[in-house]
file structure-v6.pdb (PDB, C-alpha atoms, pLDDT in the B column)
ATOM      1  CA  MET A   1     119.754  94.545 111.764  1.00 63.00           C
ATOM      2  CA  THR A   2     120.077  90.871 112.621  1.00 62.00           C
ATOM      3  CA  GLU A   3     119.320  88.087 110.164  1.00 59.00           C
ATOM      4  CA  LYS A   4     116.153  87.135 112.055  1.00 57.00           C
ATOM      5  CA  ASN A   5     114.879  90.707 112.189  1.00 81.00           C
ATOM      6  CA  TRP A   6     115.668  91.177 108.501  1.00 88.00           C
ATOM      7  CA  SER A   7     113.577  88.159 107.476  1.00 88.00           C
ATOM      8  CA  ASP A   8     110.654  89.732 109.394  1.00 91.00           C
ATOM      9  CA  HIS A   9     111.145  93.182 107.849  1.00 94.00           C
ATOM     10  CA  PRO A  10     107.865  94.354 106.231  1.00 94.00           C
ATOM     11  CA  PHE A  11     109.658  94.941 102.907  1.00 95.00           C
ATOM     12  CA  VAL A  12     111.007  91.381 102.866  1.00 94.00           C
ATOM     13  CA  VAL A  13     107.582  90.037 103.855  1.00 91.00           C
ATOM     14  CA  ARG A  14     106.078  92.041 100.999  1.00 91.00           C
ATOM     15  CA  LEU A  15     108.578  90.648  98.493  1.00 92.00           C
ATOM     16  CA  SER A  16     107.877  87.128  99.723  1.00 91.00           C
ATOM     17  CA  ARG A  17     104.260  87.499  98.596  1.00 90.00           C
ATOM     18  CA  TYR A  18     105.505  87.493  95.002  1.00 92.00           C
ATOM     19  CA  ILE A  19     108.732  85.493  94.914  1.00 92.00           C
ATOM     20  CA  ASP A  20     110.598  82.840  96.895  1.00 90.00           C
ATOM     21  CA  LEU A  21     113.684  84.292  98.564  1.00 90.00           C
ATOM     22  CA  SER A  22     116.567  82.021  99.499  1.00 91.00           C
ATOM     23  CA  ALA A  23     118.878  82.609 102.456  1.00 92.00           C
ATOM     24  CA  THR A  24     121.484  83.844  99.949  1.00 93.00           C
ATOM     25  CA  ASP A  25     118.960  86.299  98.471  1.00 93.00           C
ATOM     26  CA  LEU A  26     118.212  87.690 101.909  1.00 93.00           C
ATOM     27  CA  ASP A  27     121.893  87.983 102.800  1.00 94.00           C
ATOM     28  CA  GLN A  28     122.725  89.848  99.593  1.00 95.00           C
ATOM     29  CA  LEU A  29     119.790  92.216 100.024  1.00 95.00           C
ATOM     30  CA  ARG A  30     120.709  92.890 103.640  1.00 95.00           C
ATOM     31  CA  ALA A  31     124.334  93.563 102.613  1.00 96.00           C
ATOM     32  CA  LEU A  32     123.131  96.562 100.587  1.00 96.00           C
ATOM     33  CA  ILE A  33     121.974  98.429 103.681  1.00 96.00           C
ATOM     34  CA  GLU A  34     124.360 101.294 104.289  1.00 96.00           C
ATOM     35  CA  ASN A  35     122.439 103.016 107.071  1.00 95.00           C
ATOM     36  CA  GLU A  36     119.500 102.648 109.439  1.00 96.00           C
ATOM     37  CA  LEU A  37     117.757 105.902 110.274  1.00 96.00           C
ATOM     38  CA  THR A  38     114.943 107.262 112.377  1.00 97.00           C
ATOM     39  CA  VAL A  39     113.331 110.160 110.537  1.00 97.00           C
ATOM     40  CA  LYS A  40     111.283 112.593 112.585  1.00 97.00           C
ATOM     41  CA  LYS A  41     107.683 113.430 111.787  1.00 97.00           C
ATOM     42  CA  ARG A  42     107.157 116.268 109.250  1.00 96.00           C
ATOM     43  CA  ARG A  43     110.640 115.932 107.761  1.00 97.00           C
ATOM     44  CA  ASP A  44     110.966 115.626 103.970  1.00 97.00           C
ATOM     45  CA  LEU A  45     112.956 112.622 102.791  1.00 96.00           C
ATOM     46  CA  VAL A  46     112.666 113.490  99.094  1.00 97.00           C
ATOM     47  CA  VAL A  47     112.269 117.006  97.693  1.00 97.00           C
ATOM     48  CA  ASP A  48     110.566 117.690  94.388  1.00 96.00           C
ATOM     49  CA  GLY A  49     113.058 118.962  91.786  1.00 96.00           C
ATOM     50  CA  TYR A  50     116.198 117.644  93.487  1.00 96.00           C
ATOM     51  CA  GLU A  51     118.298 114.580  92.744  1.00 96.00           C
ATOM     52  CA  TYR A  52     117.606 111.559  94.932  1.00 96.00           C
ATOM     53  CA  ARG A  53     119.609 108.357  94.505  1.00 96.00           C
ATOM     54  CA  LYS A  54     118.554 106.179  97.432  1.00 96.00           C
ATOM     55  CA  LEU A  55     116.055 103.456  98.201  1.00 97.00           C
ATOM     56  CA  CYS A  56     114.648 103.475 101.727  1.00 97.00           C
ATOM     57  CA  PHE A  57     112.743 100.452 103.015  1.00 97.00           C
ATOM     58  CA  ILE A  58     110.165 101.468 105.622  1.00 97.00           C
ATOM     59  CA  GLU A  59     110.356  99.256 108.693  1.00 97.00           C
ATOM     60  CA  ASP A  60     107.968 101.279 110.852  1.00 97.00           C
ATOM     61  CA  GLY A  61     105.958 104.468 110.493  1.00 97.00           C
ATOM     62  CA  TYR A  62     104.112 106.243 107.709  1.00 97.00           C
ATOM     63  CA  ALA A  63     104.932 108.711 104.950  1.00 98.00           C
ATOM     64  CA  ALA A  64     103.235 110.468 102.032  1.00 98.00           C
ATOM     65  CA  ARG A  65     104.314 111.182  98.466  1.00 97.00           C
ATOM     66  CA  TYR A  66     103.003 114.594  97.438  1.00 97.00           C
ATOM     67  CA  LYS A  67     103.146 117.542  95.061  1.00 97.00           C
ATOM     68  CA  LEU A  68     103.064 121.105  96.391  1.00 95.00           C
ATOM     69  CA  LEU A  69     101.379 123.437  93.906  1.00 93.00           C
ATOM     70  CA  ARG A  70     102.180 127.081  93.212  1.00 91.00           C
ATOM     71  CA  ASN A  71      99.033 128.197  95.052  1.00 93.00           C
ATOM     72  CA  GLY A  72     100.306 126.464  98.196  1.00 92.00           C
ATOM     73  CA  LYS A  73      97.864 123.564  98.022  1.00 93.00           C
ATOM     74  CA  ARG A  74      99.182 120.035  98.521  1.00 96.00           C
ATOM     75  CA  GLN A  75      98.023 116.945  96.655  1.00 96.00           C
ATOM     76  CA  ILE A  76      99.041 113.658  98.226  1.00 97.00           C
ATOM     77  CA  VAL A  77      99.370 111.068  95.471  1.00 96.00           C
ATOM     78  CA  ASN A  78     100.001 108.103  97.760  1.00 96.00           C
ATOM     79  CA  VAL A  79     100.435 107.264 101.420  1.00 97.00           C
ATOM     80  CA  MET A  80     103.275 104.931 102.352  1.00 97.00           C
ATOM     81  CA  LEU A  81     103.151 102.136 104.919  1.00 97.00           C
ATOM     82  CA  PRO A  82     105.711  99.766 106.443  1.00 97.00           C
ATOM     83  CA  GLY A  83     107.080  97.599 103.643  1.00 95.00           C
ATOM     84  CA  ASP A  84     106.883 100.397 101.070  1.00 96.00           C
ATOM     85  CA  VAL A  85     109.918 101.917  99.378  1.00 96.00           C
ATOM     86  CA  VAL A  86     110.873 105.588  99.477  1.00 96.00           C
ATOM     87  CA  GLY A  87     112.737 106.412  96.279  1.00 94.00           C
ATOM     88  CA  LEU A  88     110.284 104.968  93.766  1.00 90.00           C
ATOM     89  CA  PRO A  89     110.049 106.530  91.259  1.00 89.00           C
ATOM     90  CA  GLY A  90     112.288 109.437  92.328  1.00 91.00           C
ATOM     91  CA  SER A  91     115.560 107.495  92.198  1.00 93.00           C
ATOM     92  CA  PHE A  92     114.927 106.535  88.568  1.00 92.00           C
ATOM     93  CA  LEU A  93     114.435 110.148  87.460  1.00 94.00           C
ATOM     94  CA  GLU A  94     117.178 112.709  86.922  1.00 95.00           C
ATOM     95  CA  LEU A  95     115.321 114.924  89.376  1.00 96.00           C
ATOM     96  CA  ALA A  96     112.571 113.753  91.728  1.00 96.00           C
ATOM     97  CA  ALA A  97     109.090 114.678  90.481  1.00 95.00           C
ATOM     98  CA  TYR A  98     107.429 114.433  93.924  1.00 96.00           C
ATOM     99  CA  SER A  99     108.338 115.071  97.527  1.00 97.00           C
ATOM    100  CA  VAL A 100     108.045 112.491 100.316  1.00 98.00           C
ATOM    101  CA  ILE A 101     107.313 113.563 103.885  1.00 98.00           C
ATOM    102  CA  ALA A 102     107.289 111.550 107.103  1.00 98.00           C
ATOM    103  CA  ILE A 103     103.790 111.802 108.581  1.00 97.00           C
ATOM    104  CA  SER A 104     104.922 109.943 111.692  1.00 97.00           C
ATOM    105  CA  ASP A 105     108.372 109.092 112.985  1.00 97.00           C
ATOM    106  CA  LEU A 106     109.879 106.659 110.472  1.00 97.00           C
ATOM    107  CA  LYS A 107     112.342 103.823 110.923  1.00 97.00           C
ATOM    108  CA  ILE A 108     114.004 103.036 107.601  1.00 97.00           C
ATOM    109  CA  GLN A 109     116.900 101.082 106.103  1.00 97.00           C
ATOM    110  CA  VAL A 110     118.761 102.869 103.314  1.00 97.00           C
ATOM    111  CA  CYS A 111     120.727 101.646 100.297  1.00 97.00           C
ATOM    112  CA  SER A 112     122.007 103.440  97.205  1.00 96.00           C
ATOM    113  CA  ILE A 113     120.110 102.918  93.967  1.00 96.00           C
ATOM    114  CA  ASP A 114     123.370 102.020  92.214  1.00 96.00           C
ATOM    115  CA  ASP A 115     124.070  99.208  94.686  1.00 97.00           C
ATOM    116  CA  TYR A 116     120.536  97.867  94.245  1.00 96.00           C
ATOM    117  CA  LEU A 117     120.917  97.919  90.447  1.00 96.00           C
ATOM    118  CA  LYS A 118     124.212  96.047  90.705  1.00 96.00           C
ATOM    119  CA  LEU A 119     122.369  93.397  92.729  1.00 96.00           C
ATOM    120  CA  CYS A 120     119.765  93.189  89.941  1.00 95.00           C
ATOM    121  CA  TYR A 121     122.524  92.370  87.438  1.00 94.00           C
ATOM    122  CA  ARG A 122     123.837  89.608  89.700  1.00 93.00           C
ATOM    123  CA  ARG A 123     120.420  88.299  90.748  1.00 92.00           C
ATOM    124  CA  PRO A 124     117.790  89.381  88.170  1.00 91.00           C
ATOM    125  CA  GLN A 125     114.905  88.306  90.381  1.00 90.00           C
ATOM    126  CA  PHE A 126     115.365  91.520  92.362  1.00 94.00           C
ATOM    127  CA  GLY A 127     114.787  93.586  89.238  1.00 93.00           C
ATOM    128  CA  LEU A 128     111.752  91.466  88.386  1.00 92.00           C
ATOM    129  CA  VAL A 129     110.181  91.874  91.809  1.00 92.00           C
ATOM    130  CA  LEU A 130     110.674  95.644  91.578  1.00 91.00           C
ATOM    131  CA  THR A 131     108.555  95.534  88.411  1.00 92.00           C
ATOM    132  CA  TRP A 132     105.832  93.727  90.367  1.00 92.00           C
ATOM    133  CA  LEU A 133     105.911  96.388  93.102  1.00 92.00           C
ATOM    134  CA  GLN A 134     105.664  99.153  90.529  1.00 91.00           C
ATOM    135  CA  THR A 135     102.762  97.378  88.817  1.00 92.00           C
ATOM    136  CA  GLU A 136     100.959  97.212  92.149  1.00 91.00           C
ATOM    137  CA  GLU A 137     101.550 100.909  92.726  1.00 91.00           C
ATOM    138  CA  ALA A 138     100.497 101.862  89.174  1.00 91.00           C
ATOM    139  CA  ALA A 139      97.184 100.039  89.655  1.00 92.00           C
ATOM    140  CA  SER A 140      96.724 101.927  92.926  1.00 93.00           C
ATOM    141  CA  TYR A 141      97.406 105.273  91.207  1.00 93.00           C
ATOM    142  CA  ALA A 142      94.788 104.482  88.554  1.00 93.00           C
ATOM    143  CA  GLU A 143      92.188 104.046  91.300  1.00 95.00           C
ATOM    144  CA  HIS A 144      93.284 107.327  92.890  1.00 94.00           C
ATOM    145  CA  LEU A 145      92.725 109.042  89.541  1.00 94.00           C
ATOM    146  CA  ILE A 146      89.212 107.581  89.350  1.00 95.00           C
ATOM    147  CA  ASN A 147      88.619 108.702  92.945  1.00 94.00           C
ATOM    148  CA  ILE A 148      89.430 112.330  92.219  1.00 93.00           C
ATOM    149  CA  GLY A 149      87.873 112.399  88.767  1.00 93.00           C
ATOM    150  CA  ARG A 150      84.637 110.409  89.018  1.00 95.00           C
ATOM    151  CA  ARG A 151      83.770 109.039  92.458  1.00 96.00           C
ATOM    152  CA  SER A 152      81.599 111.139  94.728  1.00 97.00           C
ATOM    153  CA  PRO A 153      83.277 112.440  97.907  1.00 97.00           C
ATOM    154  CA  VAL A 154      81.678 109.781 100.101  1.00 97.00           C
ATOM    155  CA  GLU A 155      82.563 106.990  97.636  1.00 98.00           C
ATOM    156  CA  ARG A 156      86.080 108.411  97.502  1.00 97.00           C
ATOM    157  CA  LEU A 157      86.444 108.172 101.281  1.00 97.00           C
ATOM    158  CA  ALA A 158      84.973 104.657 101.366  1.00 97.00           C
ATOM    159  CA  HIS A 159      87.418 103.499  98.680  1.00 97.00           C
ATOM    160  CA  PHE A 160      90.355 105.067 100.526  1.00 97.00           C
ATOM    161  CA  LEU A 161      89.407 103.317 103.787  1.00 96.00           C
ATOM    162  CA  LEU A 162      89.112  99.959 102.024  1.00 97.00           C
ATOM    163  CA  GLU A 163      92.451 100.411 100.234  1.00 96.00           C
ATOM    164  CA  ILE A 164      94.277 101.282 103.458  1.00 96.00           C
ATOM    165  CA  HIS A 165      92.572  98.414 105.273  1.00 96.00           C
ATOM    166  CA  SER A 166      93.682  95.967 102.572  1.00 94.00           C
ATOM    167  CA  ARG A 167      97.265  97.220 102.699  1.00 93.00           C
ATOM    168  CA  MET A 168      97.319  97.216 106.515  1.00 93.00           C
ATOM    169  CA  MET A 169      96.056  93.619 106.526  1.00 92.00           C
ATOM    170  CA  THR A 170      99.058  92.493 104.480  1.00 88.00           C
ATOM    171  CA  ILE A 171     101.452  93.843 107.129  1.00 87.00           C
ATOM    172  CA  GLY A 172      99.464  92.541 110.091  1.00 87.00           C
ATOM    173  CA  ARG A 173      98.205  95.925 111.298  1.00 91.00           C
ATOM    174  CA  ALA A 174      94.488  95.392 110.743  1.00 94.00           C
ATOM    175  CA  THR A 175      91.845  92.778 111.411  1.00 95.00           C
ATOM    176  CA  ALA A 176      88.868  91.807 109.269  1.00 94.00           C
ATOM    177  CA  ALA A 177      86.717  93.922 111.596  1.00 94.00           C
ATOM    178  CA  GLY A 178      88.650  97.188 111.281  1.00 95.00           C
ATOM    179  CA  PHE A 179      91.856  99.115 111.871  1.00 96.00           C
ATOM    180  CA  ASP A 180      93.403 102.200 113.448  1.00 94.00           C
ATOM    181  CA  LEU A 181      93.850 104.994 110.924  1.00 93.00           C
ATOM    182  CA  PRO A 182      97.425 106.295 111.192  1.00 93.00           C
ATOM    183  CA  PHE A 183      96.675 109.468 109.214  1.00 94.00           C
ATOM    184  CA  SER A 184      95.489 112.884 110.333  1.00 94.00           C
ATOM    185  CA  GLN A 185      92.409 114.514 108.840  1.00 94.00           C
ATOM    186  CA  GLU A 186      94.729 116.919 107.031  1.00 96.00           C
ATOM    187  CA  VAL A 187      96.582 114.051 105.332  1.00 96.00           C
ATOM    188  CA  MET A 188      93.363 112.289 104.337  1.00 96.00           C
ATOM    189  CA  GLY A 189      91.906 115.538 103.043  1.00 96.00           C
ATOM    190  CA  ASP A 190      94.995 116.216 100.918  1.00 97.00           C
ATOM    191  CA  ALA A 191      94.866 112.654  99.556  1.00 97.00           C
ATOM    192  CA  LEU A 192      91.162 112.857  98.687  1.00 97.00           C
ATOM    193  CA  GLY A 193      90.873 116.492  97.626  1.00 95.00           C
ATOM    194  CA  LEU A 194      88.485 117.284 100.486  1.00 96.00           C
ATOM    195  CA  SER A 195      88.479 119.984 103.143  1.00 96.00           C
ATOM    196  CA  ILE A 196      88.524 118.786 106.751  1.00 95.00           C
ATOM    197  CA  PRO A 197      84.873 119.805 107.391  1.00 96.00           C
ATOM    198  CA  HIS A 198      83.819 118.017 104.180  1.00 96.00           C
ATOM    199  CA  LEU A 199      85.819 114.942 105.180  1.00 95.00           C
ATOM    200  CA  ASN A 200      84.068 114.865 108.569  1.00 94.00           C
ATOM    201  CA  ARG A 201      80.672 115.061 106.864  1.00 95.00           C
ATOM    202  CA  MET A 202      81.612 112.093 104.661  1.00 96.00           C
ATOM    203  CA  PHE A 203      82.608 110.058 107.733  1.00 95.00           C
ATOM    204  CA  ALA A 204      79.256 110.966 109.288  1.00 95.00           C
ATOM    205  CA  GLN A 205      77.435 109.866 106.122  1.00 96.00           C
ATOM    206  CA  LEU A 206      79.158 106.453 106.115  1.00 96.00           C
ATOM    207  CA  ARG A 207      78.161 106.022 109.761  1.00 95.00           C
ATOM    208  CA  ALA A 208      74.586 107.146 109.070  1.00 96.00           C
ATOM    209  CA  GLU A 209      74.264 104.637 106.233  1.00 95.00           C
ATOM    210  CA  GLY A 210      75.295 101.829 108.569  1.00 95.00           C
ATOM    211  CA  LEU A 211      78.549 100.987 106.783  1.00 96.00           C
ATOM    212  CA  ILE A 212      81.124 101.864 109.451  1.00 96.00           C
ATOM    213  CA  VAL A 213      81.376 102.856 113.082  1.00 94.00           C
ATOM    214  CA  GLY A 214      84.117 104.873 114.691  1.00 80.00           C
ATOM    215  CA  ASN A 215      85.714 108.147 113.774  1.00 70.00           C
ATOM    216  CA  ALA A 216      88.653 109.593 111.844  1.00 65.00           C
ATOM    217  CA  ARG A 217      91.119 107.671 114.048  1.00 83.00           C
ATOM    218  CA  ARG A 218      89.499 104.239 114.243  1.00 90.00           C
ATOM    219  CA  VAL A 219      87.371 102.493 111.626  1.00 95.00           C
ATOM    220  CA  GLU A 220      85.297  99.382 112.217  1.00 96.00           C
ATOM    221  CA  PHE A 221      83.178  97.821 109.489  1.00 96.00           C
ATOM    222  CA  ILE A 222      79.511  97.011 109.990  1.00 96.00           C
ATOM    223  CA  ASP A 223      78.797  95.605 106.511  1.00 95.00           C
ATOM    224  CA  PHE A 224      82.102  95.051 104.724  1.00 96.00           C
ATOM    225  CA  LYS A 225      80.613  93.666 101.490  1.00 96.00           C
ATOM    226  CA  ALA A 226      78.114  96.504 101.252  1.00 97.00           C
ATOM    227  CA  LEU A 227      80.926  99.028 101.719  1.00 97.00           C
ATOM    228  CA  GLN A 228      82.898  97.369  98.912  1.00 97.00           C
ATOM    229  CA  ARG A 229      79.895  97.581  96.595  1.00 96.00           C
ATOM    230  CA  PHE A 230      79.260 101.178  97.601  1.00 97.00           C
ATOM    231  CA  ALA A 231      82.871 102.201  96.830  1.00 97.00           C
ATOM    232  CA  HIS A 232      83.233 100.036  93.691  1.00 95.00           C
ATOM    233  CA  PHE A 233      86.230  98.539  95.458  1.00 96.00           C
ATOM    234  CA  GLN A 234      87.950  95.452  94.128  1.00 91.00           C
ATOM    235  CA  PRO A 235      90.957  94.155  96.090  1.00 87.00           C
ATOM    236  CA  MET A 236      94.094  94.138  93.939  1.00 83.00           C
ATOM    237  CA  THR A 237      95.971  90.874  94.276  1.00 84.00           C
ATOM    238  CA  LEU A 238      98.929  90.437  91.970  1.00 88.00           C
ATOM    239  CA  THR A 239      99.920  86.985  90.818  1.00 91.00           C
ATOM    240  CA  ARG A 240     103.139  85.497  92.132  1.00 91.00           C
ATOM    241  CA  ILE A 241     106.144  85.758  89.828  1.00 89.00           C
ATOM    242  CA  PRO A 242     106.237  82.482  87.864  1.00 87.00           C
ATOM    243  CA  ARG A 243     109.313  80.307  88.163  1.00 81.00           C
ATOM    244  CA  PHE A 244     111.052  79.013  85.061  1.00 75.00           C
ATOM    245  CA  ASP A 245     113.856  76.549  84.492  1.00 68.00           C
ATOM    246  CA  LEU A 246     116.455  78.908  83.049  1.00 60.00           C
ATOM    247  CA  ASP A 247     118.431  76.036  81.517  1.00 61.00           C
ATOM    248  CA  ALA A 248     115.346  74.982  79.568  1.00 63.00           C
ATOM    249  CA  LEU A 249     114.725  78.430  78.091  1.00 61.00           C
ATOM    250  CA  GLU A 250     115.773  78.950  74.498  1.00 62.00           C
ATOM    251  CA  PRO A 251     118.856  81.158  74.169  1.00 60.00           C
ATOM    252  CA  ALA A 252     118.299  84.676  72.853  1.00 57.00           C
ATOM    253  CA  GLU A 253     119.143  85.149  69.157  1.00 57.00           C
TER     254      GLU A 253
END
call {"tool": "encode", "arguments": {"input": "structure-v6.pdb", "output": "structure tokens"}}
result
Amino acid sequence: MTEKNWSDHPFVVRLSRYIDLSATDLDQLRALIENELTVKKRRDLVVDGYEYRKLCFIEDGYAARYKLLRNGKRQIVNVMLPGDVVGLPGSFLELAAYSVIAISDLKIQVCSIDDYLKLCYRRPQFGLVLTWLQTEEAASYAEHLINIGRRSPVERLAHFLLEIHSRMMTIGRATAAGFDLPFSQEVMGDALGLSIPHLNRMFAQLRAEGLIVGNARRVEFIDFKALQRFAHFQPMTLTRIPRFDLDALEPAE
């Protein structure tokens, strides 16, 4: 990957929302990449219960982090977009607690977790920004818990659509008016705990209430603010990482 392409990588763009990255920062991060891979749709990148010691930065394509239960049912805990990182939290556990599957063909850049941690020792800002990314994801998981536990099925779907729209906007793959859904009905059903027929009824209800138009592949908003109120959706915008003059900080005791 060339220097220009690397600066435009969705992961780098995502980091830049929270912290200023110098040319040296970008060079050192790019030097970690040990492989660039294209992963075919339906292939598992991470397998629940097995060791995984890599970080994979998604350049293009979509994936899902999931748990397969003993009864054969699948619960998707999060969908992954360009700019997201495969290997969080799996690479920080002795054995991965969730699987990750490609739900489209994926283009990824791969580095070892040990090499990334060495970079964090040399340039602590990369450890700090990882904390910000994990905070963002933890807040997202809390909303997913509320979705499954307390929101009605139609509110659940509305919240999911707004979350994906917000995330797609940050990577330039949506407009204020709407976006193309990159997920199958099966994936959305497994993320929301809904059967495919139930999911289709919830789409029909949102259309009937004049909140969206389109179908399970394309969503356009009719009344965006009303949909936000309906879903109890609040966009999550993390603060930027504050900058401090390290020389001015008091030394640790």
call {"tool": "closest_atom_pairs", "arguments": {"input": "structure-v6.pdb", "of": "stretch 130-247 of chain A", "to": "stretch 86-106 of chain A", "cutoff": "9 Å", "atoms": "all atoms listed in the file", "output": "JSON lines"}}
result
{"residue": "A:Gln134", "atom": "CA", "partner": "A:Leu88", "partner_atom": "CA", "distance": 8.1}
{"residue": "A:Pro182", "atom": "CA", "partner": "A:Ser104", "partner_atom": "CA", "distance": 8.4}
{"residue": "A:Phe183", "atom": "CA", "partner": "A:Ile103", "partner_atom": "CA", "distance": 7.5}
{"residue": "A:Ser184", "atom": "CA", "partner": "A:Ile103", "partner_atom": "CA", "distance": 8.6}
{"residue": "A:Val187", "atom": "CA", "partner": "A:Ile103", "partner_atom": "CA", "distance": 8.2}
call {"tool": "residues_around", "arguments": {"input": "structure-v6.pdb", "residues": "A:Gln234", "least_positions_apart": "4", "cutoff": "12 Å", "atoms": "all atoms listed in the file", "output": "VMD selection string"}}
result
chain A and resid 139 to 140 143 159 to 160 162 to 163 166 225 227 to 230
call {"tool": "write_last_selection", "arguments": {"input": "structure-v6.pdb", "atoms": "C-alpha atoms", "output": "PDB file, in the coordinates of the input"}}
result
ATOM      1  CA  ALA A 139      97.184 100.039  89.655  1.00 92.00           C
ATOM      2  CA  SER A 140      96.724 101.927  92.926  1.00 93.00           C
ATOM      3  CA  GLU A 143      92.188 104.046  91.300  1.00 95.00           C
ATOM      4  CA  HIS A 159      87.418 103.499  98.680  1.00 97.00           C
ATOM      5  CA  PHE A 160      90.355 105.067 100.526  1.00 97.00           C
ATOM      6  CA  LEU A 162      89.112  99.959 102.024  1.00 97.00           C
ATOM      7  CA  GLU A 163      92.451 100.411 100.234  1.00 96.00           C
ATOM      8  CA  SER A 166      93.682  95.967 102.572  1.00 94.00           C
ATOM      9  CA  LYS A 225      80.613  93.666 101.490  1.00 96.00           C
ATOM     10  CA  LEU A 227      80.926  99.028 101.719  1.00 97.00           C
ATOM     11  CA  GLN A 228      82.898  97.369  98.912  1.00 97.00           C
ATOM     12  CA  ARG A 229      79.895  97.581  96.595  1.00 96.00           C
ATOM     13  CA  PHE A 230      79.260 101.178  97.601  1.00 97.00           C
TER      14      PHE A 230
END
call {"tool": "resolve_selection", "arguments": {"input": "structure-v6.pdb", "expression": "the PyMOL selection byres ((chain A and resi 211-222) around 12)", "output": "VMD selection string"}}
result
chain A and resid 154 to 155 157 to 158 160 to 162 164 to 165 174 to 189 196 to 197 199 to 210 223 to 231
call {"tool": "write_last_selection", "arguments": {"input": "structure-v6.pdb", "atoms": "C-alpha atoms", "output": "mmCIF file, in the frame of the given file"}}
result
data_model
loop_
_atom_site.group_PDB
_atom_site.id
_atom_site.type_symbol
_atom_site.label_atom_id
_atom_site.label_comp_id
_atom_site.auth_asym_id
_atom_site.auth_seq_id
_atom_site.Cartn_x
_atom_site.Cartn_y
_atom_site.Cartn_z
ATOM 1 C CA VAL A 154 81.678 109.781 100.101
ATOM 2 C CA GLU A 155 82.563 106.990 97.636
ATOM 3 C CA LEU A 157 86.444 108.172 101.281
ATOM 4 C CA ALA A 158 84.973 104.657 101.366
ATOM 5 C CA PHE A 160 90.355 105.067 100.526
ATOM 6 C CA LEU A 161 89.407 103.317 103.787
ATOM 7 C CA LEU A 162 89.112 99.959 102.024
ATOM 8 C CA ILE A 164 94.277 101.282 103.458
ATOM 9 C CA HIS A 165 92.572 98.414 105.273
ATOM 10 C CA ALA A 174 94.488 95.392 110.743
ATOM 11 C CA THR A 175 91.845 92.778 111.411
ATOM 12 C CA ALA A 176 88.868 91.807 109.269
ATOM 13 C CA ALA A 177 86.717 93.922 111.596
ATOM 14 C CA GLY A 178 88.650 97.188 111.281
ATOM 15 C CA PHE A 179 91.856 99.115 111.871
ATOM 16 C CA ASP A 180 93.403 102.200 113.448
ATOM 17 C CA LEU A 181 93.850 104.994 110.924
ATOM 18 C CA PRO A 182 97.425 106.295 111.192
ATOM 19 C CA PHE A 183 96.675 109.468 109.214
ATOM 20 C CA SER A 184 95.489 112.884 110.333
ATOM 21 C CA GLN A 185 92.409 114.514 108.840
ATOM 22 C CA GLU A 186 94.729 116.919 107.031
ATOM 23 C CA VAL A 187 96.582 114.051 105.332
ATOM 24 C CA MET A 188 93.363 112.289 104.337
ATOM 25 C CA GLY A 189 91.906 115.538 103.043
ATOM 26 C CA ILE A 196 88.524 118.786 106.751
ATOM 27 C CA PRO A 197 84.873 119.805 107.391
ATOM 28 C CA LEU A 199 85.819 114.942 105.180
ATOM 29 C CA ASN A 200 84.068 114.865 108.569
ATOM 30 C CA ARG A 201 80.672 115.061 106.864
ATOM 31 C CA MET A 202 81.612 112.093 104.661
ATOM 32 C CA PHE A 203 82.608 110.058 107.733
ATOM 33 C CA ALA A 204 79.256 110.966 109.288
ATOM 34 C CA GLN A 205 77.435 109.866 106.122
ATOM 35 C CA LEU A 206 79.158 106.453 106.115
ATOM 36 C CA ARG A 207 78.161 106.022 109.761
ATOM 37 C CA ALA A 208 74.586 107.146 109.070
ATOM 38 C CA GLU A 209 74.264 104.637 106.233
ATOM 39 C CA GLY A 210 75.295 101.829 108.569
ATOM 40 C CA ASP A 223 78.797 95.605 106.511
ATOM 41 C CA PHE A 224 82.102 95.051 104.724
ATOM 42 C CA LYS A 225 80.613 93.666 101.490
ATOM 43 C CA ALA A 226 78.114 96.504 101.252
ATOM 44 C CA LEU A 227 80.926 99.028 101.719
ATOM 45 C CA GLN A 228 82.898 97.369 98.912
ATOM 46 C CA ARG A 229 79.895 97.581 96.595
ATOM 47 C CA PHE A 230 79.260 101.178 97.601
ATOM 48 C CA ALA A 231 82.871 102.201 96.830
#
call {"tool": "atom_distance", "arguments": {"input": "structure-v6.pdb", "atom1": "atom CA of A:His9", "atom2": "atom CA of A:Val47"}}
result
25.9 Å
call {"tool": "resolve_selection", "arguments": {"input": "structure-v6.pdb", "expression": "the PyMOL selection byres ((chain A and resi 61) around 10)", "output": "ChimeraX atom specification"}}
result
/A:38-41,58-60,62-63,80-83,102-108,182
call {"tool": "atom_distance", "arguments": {"input": "structure-v6.pdb", "atom1": "atom CA of A:Phe126", "atom2": "atom CA of A:Leu15"}}
result
9.2 Å
call {"tool": "resolve_selection", "arguments": {"input": "structure-v6.pdb", "expression": "the PyMOL selection byres ((chain A and resi 135) around 12)", "output": "MDAnalysis selection string"}}
result
chainID A and resid 18 88:89 128:134 136:142 236:239
call {"tool": "atom_distance", "arguments": {"input": "structure-v6.pdb", "atom1": "atom CA of A:Asp114", "atom2": "atom CA of A:Val79"}}
result
25.3 Å
call {"tool": "closest_residue", "arguments": {"input": "structure-v6.pdb", "among": "A:His232, A:Arg14, A:Arg70, A:Arg151", "to": "A:Gly193", "atoms": "only C-alpha atoms"}}
result
A:Arg151
call {"tool": "closest_residue", "arguments": {"input": "structure-v6.pdb", "among": "A:Ser112, A:Pro235, A:Ser195, A:Ile76", "to": "A:Arg167", "atoms": "only C-alpha atoms"}}
result
A:Pro235
call {"tool": "residues_around", "arguments": {"input": "structure-v6.pdb", "residues": "stretch 22-26 of chain A", "least_positions_apart": "2", "cutoff": "8 Å", "atoms": "only C-alpha atoms", "output": "list in words"}}
result
Trp6, Ser7, Asp20, Gln28, Leu29 and Arg30 of chain A
call {"tool": "closest_residue", "arguments": {"input": "structure-v6.pdb", "among": "A:Asn78, A:Leu32, A:Thr170, A:Asp44", "to": "A:Leu117", "atoms": "all atoms listed in the file"}}
result
A:Leu32
